[in-house]
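The file final38.txt comes next; it holds compact mmCIF, C-alpha atoms.
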# COMPACT_ATOMS: atom_id res chain seq x y z
CA MET A 1 21.77 -9.14 -1.22
CA SER A 2 20.63 -5.57 -0.66
CA LEU A 3 17.17 -4.45 0.33
CA ALA A 4 15.15 -3.37 -2.73
CA SER A 5 14.31 0.34 -2.72
CA TRP A 6 10.53 -0.37 -2.46
CA ARG A 7 11.08 -2.24 0.82
CA SER A 8 11.35 1.04 2.73
CA PRO A 9 7.92 2.51 1.72
CA LEU A 10 6.35 -0.94 2.15
CA ALA A 11 7.79 -1.30 5.65
CA ARG A 12 6.47 2.16 6.47
CA ALA A 13 2.98 1.22 5.20
CA LEU A 14 2.99 -1.98 7.24
CA HIS A 15 3.97 -0.03 10.33
CA ARG A 16 1.41 2.74 9.87
CA ASN A 17 -1.39 0.22 9.26
CA ARG A 18 -0.38 -2.23 11.98
CA SER A 19 -3.57 -1.53 13.97
CA LEU A 20 -5.52 -3.39 11.25
CA VAL A 21 -4.89 -7.15 11.31
CA TYR A 22 -6.07 -7.31 7.70
CA SER A 23 -3.40 -4.86 6.55
CA ARG A 24 -1.32 -8.04 6.12
CA TYR A 25 -3.88 -9.46 3.67
CA LEU A 26 -3.33 -8.88 -0.03
CA GLN A 27 -4.76 -10.17 -3.29
CA LEU A 28 -2.68 -12.47 -5.46
CA ALA A 29 -3.51 -12.78 -9.17
CA THR A 30 -2.35 -15.72 -11.26
CA VAL A 31 -3.38 -17.13 -14.65
CA ARG A 32 -5.37 -20.36 -15.06
CA SER A 33 -4.33 -22.99 -17.59
CA ASP A 34 -7.17 -21.80 -19.89
CA GLY A 35 -5.77 -18.26 -19.87
CA ARG A 36 -8.34 -16.69 -17.54
CA PRO A 37 -7.10 -14.82 -14.47
CA ALA A 38 -7.55 -16.02 -10.89
CA ASN A 39 -7.47 -13.79 -7.82
CA ARG A 40 -7.62 -14.57 -4.10
CA THR A 41 -6.70 -13.11 -0.71
CA VAL A 42 -3.48 -14.35 0.87
CA VAL A 43 -1.72 -13.49 4.13
CA PHE A 44 1.72 -11.90 4.06
CA ARG A 45 4.11 -13.99 6.19
CA GLY A 46 7.17 -11.75 6.05
CA PHE A 47 10.13 -11.87 3.70
CA LEU A 48 12.31 -14.88 3.08
CA GLU A 49 15.55 -14.23 4.97
CA GLU A 50 18.22 -12.37 2.99
CA THR A 51 15.91 -11.86 0.00
CA ASN A 52 13.20 -9.52 -1.30
CA GLN A 53 10.78 -12.43 -1.73
CA LEU A 54 7.39 -12.30 -0.01
CA GLN A 55 6.31 -15.43 1.84
CA PHE A 56 2.80 -16.95 1.79
CA VAL A 57 1.52 -20.39 2.66
CA THR A 58 -0.73 -22.53 0.52
CA ASP A 59 -2.24 -25.99 0.31
CA ALA A 60 -0.72 -28.35 -2.27
CA ARG A 61 -4.29 -29.26 -3.26
CA SER A 62 -5.35 -25.68 -4.05
CA GLN A 63 -5.95 -24.56 -7.62
CA LYS A 64 -3.20 -21.97 -7.48
CA VAL A 65 -0.57 -24.71 -7.26
CA GLU A 66 -1.67 -26.11 -10.61
CA GLN A 67 -1.83 -22.57 -12.04
CA ILE A 68 1.72 -21.77 -10.92
CA GLU A 69 3.09 -24.91 -12.60
CA HIS A 70 1.57 -23.62 -15.82
CA ILE A 71 2.42 -19.91 -15.53
CA SER A 72 4.58 -18.70 -12.65
CA ALA A 73 3.94 -15.00 -13.29
CA ALA A 74 1.82 -13.26 -10.66
CA GLU A 75 0.78 -9.81 -9.50
CA ALA A 76 -0.09 -9.05 -5.92
CA CYS A 77 -2.24 -6.02 -5.13
CA TRP A 78 -1.92 -4.68 -1.61
CA TYR A 79 -4.14 -1.87 -0.39
CA PHE A 80 -3.46 -0.16 2.95
CA PRO A 81 -6.63 1.49 4.29
CA ASN A 82 -5.17 3.76 6.99
CA THR A 83 -2.65 5.43 4.71
CA ARG A 84 -4.67 5.04 1.50
CA GLU A 85 -1.85 3.60 -0.58
CA GLN A 86 -1.51 0.67 -2.93
CA PHE A 87 1.42 -1.54 -3.90
CA ARG A 88 1.23 -3.69 -7.00
CA LEU A 89 4.01 -6.27 -6.92
CA ALA A 90 4.58 -8.19 -10.16
CA GLY A 91 7.00 -11.07 -10.42
CA GLN A 92 7.51 -14.80 -10.36
CA LEU A 93 6.13 -17.34 -7.90
CA THR A 94 8.11 -20.26 -6.52
CA LEU A 95 6.38 -23.12 -4.76
CA VAL A 96 8.21 -24.92 -1.96
CA PRO A 97 6.49 -28.29 -1.44
CA ALA A 98 7.49 -31.11 0.91
CA ASN A 99 9.78 -32.65 -1.71
CA CYS A 100 11.62 -29.42 -2.57
CA PRO A 101 15.31 -30.23 -3.14
CA HIS A 102 16.61 -27.00 -1.55
CA ALA A 103 17.44 -27.42 2.14
CA ASP A 104 17.30 -23.69 2.91
CA LEU A 105 13.81 -23.36 1.39
CA LEU A 106 12.63 -26.47 3.26
CA ALA A 107 13.92 -24.90 6.46
CA ALA A 108 11.94 -21.72 5.70
CA ARG A 109 8.86 -23.89 5.03
CA GLN A 110 9.28 -25.55 8.40
CA ARG A 111 9.71 -22.21 10.19
CA LEU A 112 6.42 -20.96 8.75
CA TRP A 113 4.63 -24.17 9.75
CA GLN A 114 5.86 -23.79 13.31
CA ALA A 115 4.76 -20.14 13.41
CA LEU A 116 1.16 -21.00 12.45
CA SER A 117 -1.59 -21.33 15.03
CA ASP A 118 -2.93 -24.78 15.80
CA PRO A 119 -6.26 -24.13 13.98
CA ALA A 120 -4.38 -22.84 10.93
CA ARG A 121 -2.22 -25.99 10.84
CA THR A 122 -5.31 -28.20 11.20
CA GLN A 123 -6.78 -26.84 7.95
CA PHE A 124 -4.01 -28.61 6.05
CA ALA A 125 -5.44 -31.92 7.38
CA TRP A 126 -8.98 -31.13 6.22
CA ALA A 127 -10.72 -32.73 3.26
CA ASP A 128 -9.81 -31.58 -0.26
CA PRO A 129 -10.51 -27.85 -0.68
CA GLY A 130 -13.10 -27.08 -3.38
CA GLN A 131 -14.62 -30.58 -3.39
CA PRO A 132 -18.34 -31.04 -2.59
CA ARG A 133 -18.81 -30.64 1.12
CA ASN A 134 -19.48 -33.58 3.38
CA ASP A 135 -19.50 -32.73 7.05
CA ASP A 136 -19.52 -36.41 8.03
CA VAL A 137 -15.91 -36.72 7.02
CA GLY A 138 -13.08 -34.34 6.55
CA PHE A 139 -13.08 -31.87 9.41
CA ALA A 140 -12.98 -33.94 12.63
CA VAL A 141 -9.24 -34.42 12.49
CA PRO A 142 -6.65 -34.31 15.30
CA SER A 143 -4.27 -31.37 15.51
CA PRO A 144 -1.21 -32.09 13.38
CA ASP A 145 2.29 -32.20 14.81
CA ALA A 146 3.50 -28.64 15.45
CA THR A 147 7.08 -29.31 14.39
CA THR A 148 6.92 -31.26 11.13
CA PRO A 149 4.75 -29.82 8.32
CA LEU A 150 2.04 -31.96 6.77
CA PRO A 151 2.72 -32.97 3.13
CA THR A 152 -0.10 -30.66 1.95
CA PHE A 153 1.67 -27.62 3.40
CA CYS A 154 3.61 -25.45 0.94
CA LEU A 155 5.59 -22.28 1.21
CA LEU A 156 4.88 -19.89 -1.66
CA LEU A 157 7.37 -17.17 -2.63
CA LEU A 158 6.80 -14.08 -4.74
CA ASP A 159 9.94 -12.51 -6.20
CA PRO A 160 8.92 -9.07 -7.53
CA ASP A 161 10.65 -7.55 -10.53
CA ARG A 162 8.31 -4.54 -10.83
CA VAL A 163 6.52 -2.60 -8.09
CA ASP A 164 3.94 0.14 -8.66
CA HIS A 165 3.39 2.31 -5.57
CA LEU A 166 0.41 4.66 -5.54
CA GLU A 167 -0.35 7.09 -2.72
CA LEU A 168 -3.94 8.31 -2.97
CA ARG A 169 -3.32 11.08 -0.48
CA GLY A 170 -2.10 14.20 -2.18
CA ASP A 171 -3.42 16.25 -5.08
CA PRO A 172 -2.21 15.13 -7.50
CA GLN A 173 -1.50 11.72 -6.03
CA ASN A 174 2.02 10.26 -5.98
CA ARG A 175 2.94 7.23 -8.00
CA GLY A 176 6.34 5.55 -8.33
CA LEU A 177 7.32 2.66 -10.61
CA TYR A 178 10.18 0.49 -9.37
CA HIS A 179 11.98 -1.71 -11.90
CA ARG A 180 14.63 -4.38 -11.38
CA ASP A 181 17.23 -4.55 -14.14
CA ALA A 182 19.01 -7.67 -15.41
CA ALA A 183 21.82 -7.12 -12.89
CA GLY A 184 19.28 -7.15 -10.05
CA ASN A 185 19.49 -3.43 -9.31
CA TRP A 186 16.34 -1.43 -8.62
CA SER A 187 15.50 2.02 -9.96
CA MET A 188 12.44 4.20 -9.44
CA GLN A 189 10.63 6.56 -11.78
CA ALA A 190 7.92 8.98 -10.64
CA VAL A 191 4.97 8.75 -13.04
CA ASN A 192 1.60 10.41 -13.45
CA PRO A 193 -1.04 8.85 -11.19
CA MET B 1 -33.81 -10.54 -15.41
CA SER B 2 -33.76 -12.10 -11.97
CA LEU B 3 -31.32 -11.31 -9.21
CA ALA B 4 -28.49 -13.89 -9.12
CA SER B 5 -28.50 -16.00 -5.96
CA TRP B 6 -25.10 -14.61 -4.85
CA ARG B 7 -26.54 -11.07 -4.79
CA SER B 8 -28.21 -11.70 -1.46
CA PRO B 9 -25.05 -12.68 0.53
CA LEU B 10 -23.12 -9.90 -1.23
CA ALA B 11 -25.75 -7.30 -0.30
CA ARG B 12 -25.59 -8.55 3.28
CA ALA B 13 -21.79 -8.23 3.33
CA LEU B 14 -21.96 -4.69 1.93
CA HIS B 15 -24.49 -3.76 4.58
CA ARG B 16 -22.58 -5.28 7.47
CA ASN B 17 -19.33 -3.63 6.38
CA ARG B 18 -20.82 -0.25 5.49
CA SER B 19 -18.92 1.47 8.34
CA LEU B 20 -15.72 0.96 6.33
CA VAL B 21 -15.53 3.20 3.25
CA TYR B 22 -12.98 0.79 1.76
CA SER B 23 -15.39 -2.14 1.94
CA ARG B 24 -16.42 -0.94 -1.52
CA TYR B 25 -12.85 -1.39 -2.80
CA LEU B 26 -11.99 -4.68 -4.47
CA GLN B 27 -9.13 -6.07 -6.53
CA LEU B 28 -9.64 -6.72 -10.22
CA ALA B 29 -7.34 -9.18 -12.01
CA THR B 30 -6.93 -9.20 -15.78
CA VAL B 31 -4.35 -10.70 -18.14
CA ARG B 32 -1.76 -8.61 -20.00
CA SER B 33 -1.12 -9.13 -23.71
CA ASP B 34 2.09 -11.02 -22.83
CA GLY B 35 0.12 -13.50 -20.69
CA ARG B 36 1.14 -12.16 -17.29
CA PRO B 37 -1.59 -11.23 -14.80
CA ALA B 38 -2.38 -7.67 -13.71
CA ASN B 39 -4.15 -6.73 -10.50
CA ARG B 40 -5.36 -3.40 -9.13
CA THR B 41 -7.83 -1.90 -6.68
CA VAL B 42 -11.11 -0.59 -8.11
CA VAL B 43 -14.16 0.99 -6.50
CA PHE B 44 -17.54 -0.74 -6.72
CA ARG B 45 -20.10 1.69 -8.18
CA GLY B 46 -23.24 -0.42 -7.79
CA PHE B 47 -24.90 -2.75 -10.27
CA LEU B 48 -25.98 -1.80 -13.75
CA GLU B 49 -29.77 -1.43 -13.61
CA GLU B 50 -31.72 -4.63 -14.30
CA THR B 51 -28.54 -6.74 -14.49
CA ASN B 52 -26.08 -8.62 -12.29
CA GLN B 53 -23.16 -6.65 -13.73
CA LEU B 54 -20.86 -4.74 -11.39
CA GLN B 55 -20.01 -1.18 -12.39
CA PHE B 56 -16.56 0.43 -12.15
CA VAL B 57 -15.06 3.49 -13.80
CA THR B 58 -11.73 3.63 -15.59
CA ASP B 59 -9.60 5.91 -17.73
CA ALA B 60 -9.45 5.09 -21.45
CA ARG B 61 -5.68 5.63 -21.22
CA SER B 62 -5.14 3.06 -18.47
CA GLN B 63 -3.39 -0.24 -19.19
CA LYS B 64 -6.42 -2.28 -18.27
CA VAL B 65 -8.32 -0.96 -21.29
CA GLU B 66 -5.70 -2.43 -23.61
CA GLN B 67 -5.70 -5.67 -21.59
CA ILE B 68 -9.48 -6.02 -21.84
CA GLU B 69 -9.37 -5.65 -25.61
CA HIS B 70 -6.97 -8.59 -25.67
CA ILE B 71 -8.61 -10.83 -23.05
CA SER B 72 -11.93 -9.81 -21.54
CA ALA B 73 -11.86 -12.47 -18.79
CA ALA B 74 -11.39 -11.10 -15.28
CA GLU B 75 -11.63 -12.14 -11.66
CA ALA B 76 -12.47 -9.71 -8.90
CA CYS B 77 -11.47 -10.54 -5.33
CA TRP B 78 -13.46 -8.75 -2.64
CA TYR B 79 -12.55 -9.11 1.00
CA PHE B 80 -14.86 -7.77 3.72
CA PRO B 81 -12.90 -7.10 6.93
CA ASN B 82 -15.75 -6.77 9.44
CA THR B 83 -17.43 -10.04 8.54
CA ARG B 84 -14.24 -11.83 7.42
CA GLU B 85 -15.63 -13.09 4.14
CA GLN B 86 -14.37 -13.14 0.57
CA PHE B 87 -16.16 -13.11 -2.77
CA ARG B 88 -14.29 -14.11 -5.90
CA LEU B 89 -16.27 -13.01 -8.95
CA ALA B 90 -15.08 -14.42 -12.29
CA GLY B 91 -16.56 -13.34 -15.59
CA GLN B 92 -16.26 -11.08 -18.59
CA LEU B 93 -15.52 -7.38 -18.73
CA THR B 94 -17.25 -4.92 -21.04
CA LEU B 95 -15.83 -1.47 -21.60
CA VAL B 96 -18.22 1.40 -22.29
CA PRO B 97 -16.20 4.23 -23.91
CA ALA B 98 -17.49 7.54 -25.24
CA ASN B 99 -18.16 6.03 -28.68
CA CYS B 100 -20.10 3.01 -27.41
CA PRO B 101 -23.00 2.31 -29.80
CA HIS B 102 -25.47 1.28 -27.06
CA ALA B 103 -27.61 4.17 -25.82
CA ASP B 104 -28.55 2.48 -22.54
CA LEU B 105 -24.89 1.86 -21.67
CA LEU B 106 -23.96 5.43 -22.59
CA ALA B 107 -26.73 6.62 -20.29
CA ALA B 108 -25.30 4.49 -17.47
CA ARG B 109 -21.85 5.93 -18.21
CA GLN B 110 -23.25 9.44 -17.94
CA ARG B 111 -25.04 8.67 -14.66
CA LEU B 112 -21.75 7.46 -13.12
CA TRP B 113 -19.94 10.58 -14.32
CA GLN B 114 -22.53 12.79 -12.73
CA ALA B 115 -22.34 10.84 -9.47
CA LEU B 116 -18.56 11.38 -9.16
CA SER B 117 -17.09 14.12 -6.98
CA ASP B 118 -15.51 17.09 -8.67
CA PRO B 119 -11.92 16.00 -7.76
CA ALA B 120 -12.64 12.50 -9.08
CA ARG B 121 -13.88 13.92 -12.38
CA THR B 122 -10.83 16.18 -12.65
CA GLN B 123 -8.48 13.17 -12.67
CA PHE B 124 -9.81 12.26 -16.11
CA ALA B 125 -8.41 15.58 -17.36
CA TRP B 126 -4.93 14.96 -15.92
CA ALA B 127 -1.87 14.05 -17.96
CA ASP B 128 -1.49 10.47 -19.22
CA PRO B 129 -1.43 7.99 -16.32
CA GLY B 130 1.80 5.98 -16.08
CA GLN B 131 3.88 8.45 -18.12
CA PRO B 132 6.95 10.10 -16.57
CA ARG B 133 5.80 12.79 -14.19
CA ASN B 134 6.07 16.45 -14.98
CA ASP B 135 4.43 18.72 -12.46
CA ASP B 136 4.82 21.74 -14.75
CA VAL B 137 2.05 20.43 -16.96
CA GLY B 138 -0.78 18.05 -16.55
CA PHE B 139 -2.43 18.70 -13.21
CA ALA B 140 -3.41 22.38 -13.18
CA VAL B 141 -6.59 21.81 -15.13
CA PRO B 142 -10.04 23.33 -14.67
CA SER B 143 -12.87 21.20 -13.29
CA PRO B 144 -14.58 19.40 -16.16
CA ASP B 145 -18.25 19.83 -16.92
CA ALA B 146 -20.32 17.90 -14.39
CA THR B 147 -22.94 16.75 -16.87
CA THR B 148 -21.09 15.51 -19.96
CA PRO B 149 -18.31 12.94 -19.40
CA LEU B 150 -14.82 13.61 -20.71
CA PRO B 151 -13.75 11.34 -23.61
CA THR B 152 -11.24 9.61 -21.32
CA PHE B 153 -14.01 8.47 -18.98
CA CYS B 154 -15.18 4.87 -19.36
CA LEU B 155 -17.71 2.71 -17.61
CA LEU B 156 -16.41 -0.80 -16.98
CA LEU B 157 -18.79 -3.71 -16.40
CA LEU B 158 -18.06 -7.12 -14.91
CA ASP B 159 -20.59 -9.82 -15.74
CA PRO B 160 -19.83 -12.74 -13.38
CA ASP B 161 -20.46 -16.33 -14.44
CA ARG B 162 -18.87 -17.93 -11.36
CA VAL B 163 -18.79 -16.67 -7.77
CA ASP B 164 -16.82 -18.27 -4.94
CA HIS B 165 -18.02 -17.15 -1.51
CA LEU B 166 -15.84 -17.98 1.51
CA GLU B 167 -16.80 -17.18 5.09
CA LEU B 168 -13.76 -17.38 7.34
CA ARG B 169 -15.88 -17.32 10.48
CA GLY B 170 -16.90 -20.82 11.50
CA ASP B 171 -14.96 -24.00 12.11
CA PRO B 172 -14.84 -25.38 9.52
CA GLN B 173 -15.39 -22.30 7.39
CA ASN B 174 -18.25 -22.09 4.89
CA ARG B 175 -17.63 -21.95 1.18
CA GLY B 176 -20.18 -21.86 -1.63
CA LEU B 177 -19.57 -22.02 -5.37
CA TYR B 178 -22.16 -20.30 -7.55
CA HIS B 179 -22.30 -21.23 -11.23
CA ARG B 180 -24.32 -19.73 -14.07
CA ASP B 181 -25.49 -22.26 -16.66
CA ALA B 182 -25.94 -21.67 -20.39
CA ALA B 183 -29.57 -20.66 -19.82
CA GLY B 184 -28.45 -17.96 -17.38
CA ASN B 185 -29.68 -19.73 -14.25
CA TRP B 186 -27.56 -19.80 -11.11
CA SER B 187 -26.98 -22.78 -8.85
CA MET B 188 -24.91 -23.10 -5.68
CA GLN B 189 -22.81 -25.96 -4.36
CA ALA B 190 -21.37 -26.05 -0.84
CA VAL B 191 -17.72 -27.12 -1.04
CA ASN B 192 -14.89 -27.76 1.39
CA PRO B 193 -13.14 -24.53 2.42
Translate the structure of the given file into structure tokens.
Amino acid sequence: MSLASWRSPLARALHRNRSLVYSRYLQLATVRSDGRPANRTVVFRGFLEETNQLQFVTDARSQKVEQIEHISAAEACWYFPNTREQFRLAGQLTLVPANCPHADLLAARQRLWQALSDPARTQFAWADPGQPRNDDVGFAVPSPDATTPLPTFCLLLLDPDRVDHLELRGDPQNRGLYHRDAAGNWSMQAVNP
Amino acid sequence: MSLASWRSPLARALHRNRSLVYSRYLQLATVRSDGRPANRTVVFRGFLEETNQLQFVTDARSQKVEQIEHISAAEACWYFPNTREQFRLAGQLTLVPANCPHADLLAARQRLWQALSDPARTQFAWADPGQPRNDDVGFAVPSPDATTPLPTFCLLLLDPDRVDHLELRGDPQNRGLYHRDAAGNWSMQAVNP
């Protein structure tokens, strides 16, 4: 595979904003089964090797898992404060749960688990997210094994087919629309901001 | 009307993050007419007087206007870096265009126009957003009148009916779900993060 043409400006934005830990946070929009949108902050965990797919992690018990089974389309919105630019990445989500049949994706899932901090791994052993809180149970759990992911741990992949890059600096601002054609090739068109 | 119970923690977050100009930026998710989600950064412009509705501005020619006509449901995701907390605000959008029949909403639209900077107002006179760029036309426009909004200028209101507040600080983290009932009263339930 070849690197998509939007990877270069995105890599530059990540580099120029690296002083901000939250420059790796972005907002992922999906659609609920009743047709309403959902939107939450996720952490960018790099690209899946040899692909243009963004990696995130999620809990198998989270609402977004159910939403993805219904509609896999998503749009991530990523704002970089230092350079004042925005990437909107639209595409399809793929969930990689514990019982995923693809060995290479399971290996990627395991790599991400091993790269997490101990507190981050422990959250996957906590009580069901979104259920009424009961501090008597649910949070006093031992640290999970650092090698083998818990069954609740999922890798989540976003495969963009359209990227909208807006640079707020400049008058007028710069905006480029990247499209992937059926053959998998990317092209870019400069558009009005 | 009474202030919704989530207004207090949101006001606190805005205050504690006021050193960051981009703490007033949030991501607004809507649904496209083909059922795919859309997501973009918008700027919070305060609350509509005497309501719990968030104010934004938008261009009548932007894609979100068409999306809102189709499905008015939206979810805003607002991450505050200094305090490491997230608000997810789900509800209905109302667009206030130049021909809106409600005098009070038109007055609010005009107030927001007048509060904009001159460069921000000028963008509403630029060539059609999202169309192929042509620098020969479209950007060399005079500053619009500062009192009367251009026809392209719209007020956009988000009326939340559900707010999910997550504080990442703390072990375990704190998460509260605010719901509005049919009578318009808000209640809060602490849930597992």
Just need the residues of chain B within 8 Å of chain A, counting all atoms listed in the file, so spit them out as a PyMOL selection string. chain B and resi 22+27-31+35-41+73-77+79+81+86+88+90+127-134+139+172+189-193
Counting only C-alpha atoms, find the residues whose atoms lie at most 12 Å from (-30.2, -14.8, -16.8) (file coordinates) and write them out as a PDB file with C-alpha atoms, in the coordinates of the input.
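Full text of selection.pdb as output:
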ATOM      1  CA  MET B   1     -33.810 -10.540 -15.410  1.00  0.00           C
ATOM      2  CA  SER B   2     -33.760 -12.100 -11.970  1.00  0.00           C
ATOM      3  CA  LEU B   3     -31.320 -11.310  -9.210  1.00  0.00           C
ATOM      4  CA  ALA B   4     -28.490 -13.890  -9.120  1.00  0.00           C
ATOM      5  CA  SER B   5     -28.500 -16.000  -5.960  1.00  0.00           C
ATOM      6  CA  GLU B  50     -31.720  -4.630 -14.300  1.00  0.00           C
ATOM      7  CA  THR B  51     -28.540  -6.740 -14.490  1.00  0.00           C
ATOM      8  CA  ASN B  52     -26.080  -8.620 -12.290  1.00  0.00           C
ATOM      9  CA  GLN B  53     -23.160  -6.650 -13.730  1.00  0.00           C
ATOM     10  CA  ASP B 159     -20.590  -9.820 -15.740  1.00  0.00           C
ATOM     11  CA  PRO B 160     -19.830 -12.740 -13.380  1.00  0.00           C
ATOM     12  CA  ASP B 161     -20.460 -16.330 -14.440  1.00  0.00           C
ATOM     13  CA  HIS B 179     -22.300 -21.230 -11.230  1.00  0.00           C
ATOM     14  CA  ARG B 180     -24.320 -19.730 -14.070  1.00  0.00           C
ATOM     15  CA  ASP B 181     -25.490 -22.260 -16.660  1.00  0.00           C
ATOM     16  CA  ALA B 182     -25.940 -21.670 -20.390  1.00  0.00           C
ATOM     17  CA  ALA B 183     -29.570 -20.660 -19.820  1.00  0.00           C
ATOM     18  CA  GLY B 184     -28.450 -17.960 -17.380  1.00  0.00           C
ATOM     19  CA  ASN B 185     -29.680 -19.730 -14.250  1.00  0.00           C
ATOM     20  CA  TRP B 186     -27.560 -19.800 -11.110  1.00  0.00           C
ATOM     21  CA  SER B 187     -26.980 -22.780  -8.850  1.00  0.00           C
TER      22      SER B 187
END
Determine the nearest neighbour of A:Leu48 from the options A:Leu106, A:Leu116, A:Val163, A:Leu10, counting only C-alpha atoms. A:Leu106
Distance atom CA of B:Leu156-atom CA of B:Pro97, one decimal place? 8.6 Å
Which is closest to A:Pro142 among A:Ala108, A:Ala13, A:Leu155, A:Ala125, if we use only C-alpha atoms?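 Checking each candidate against A:Pro142, we get A:Ala125 as the closest.
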Once you add 4 Å to each side, what are the centre and edge lengths of the axis-aligned box holding all listed atoms of stretch 107-119 of chain A? One decimal in Å, as AutoDock Vina command-line options, if you can.
--center_x 3.8 --center_y -22.8 --center_z 10.4 --size_x 28.2 --size_y 13.4 --size_z 18.8
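Distance annotation: of A:Ala146, A:Val141, A:Val43, A:Ala107, the residue with the minimal separation from A:Phe56 is A:Val43; atom set is all atoms listed in the file.
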Distance in Å - atom CA of B:Gly46 versus atom CA of B:Leu157: 10.2 Å
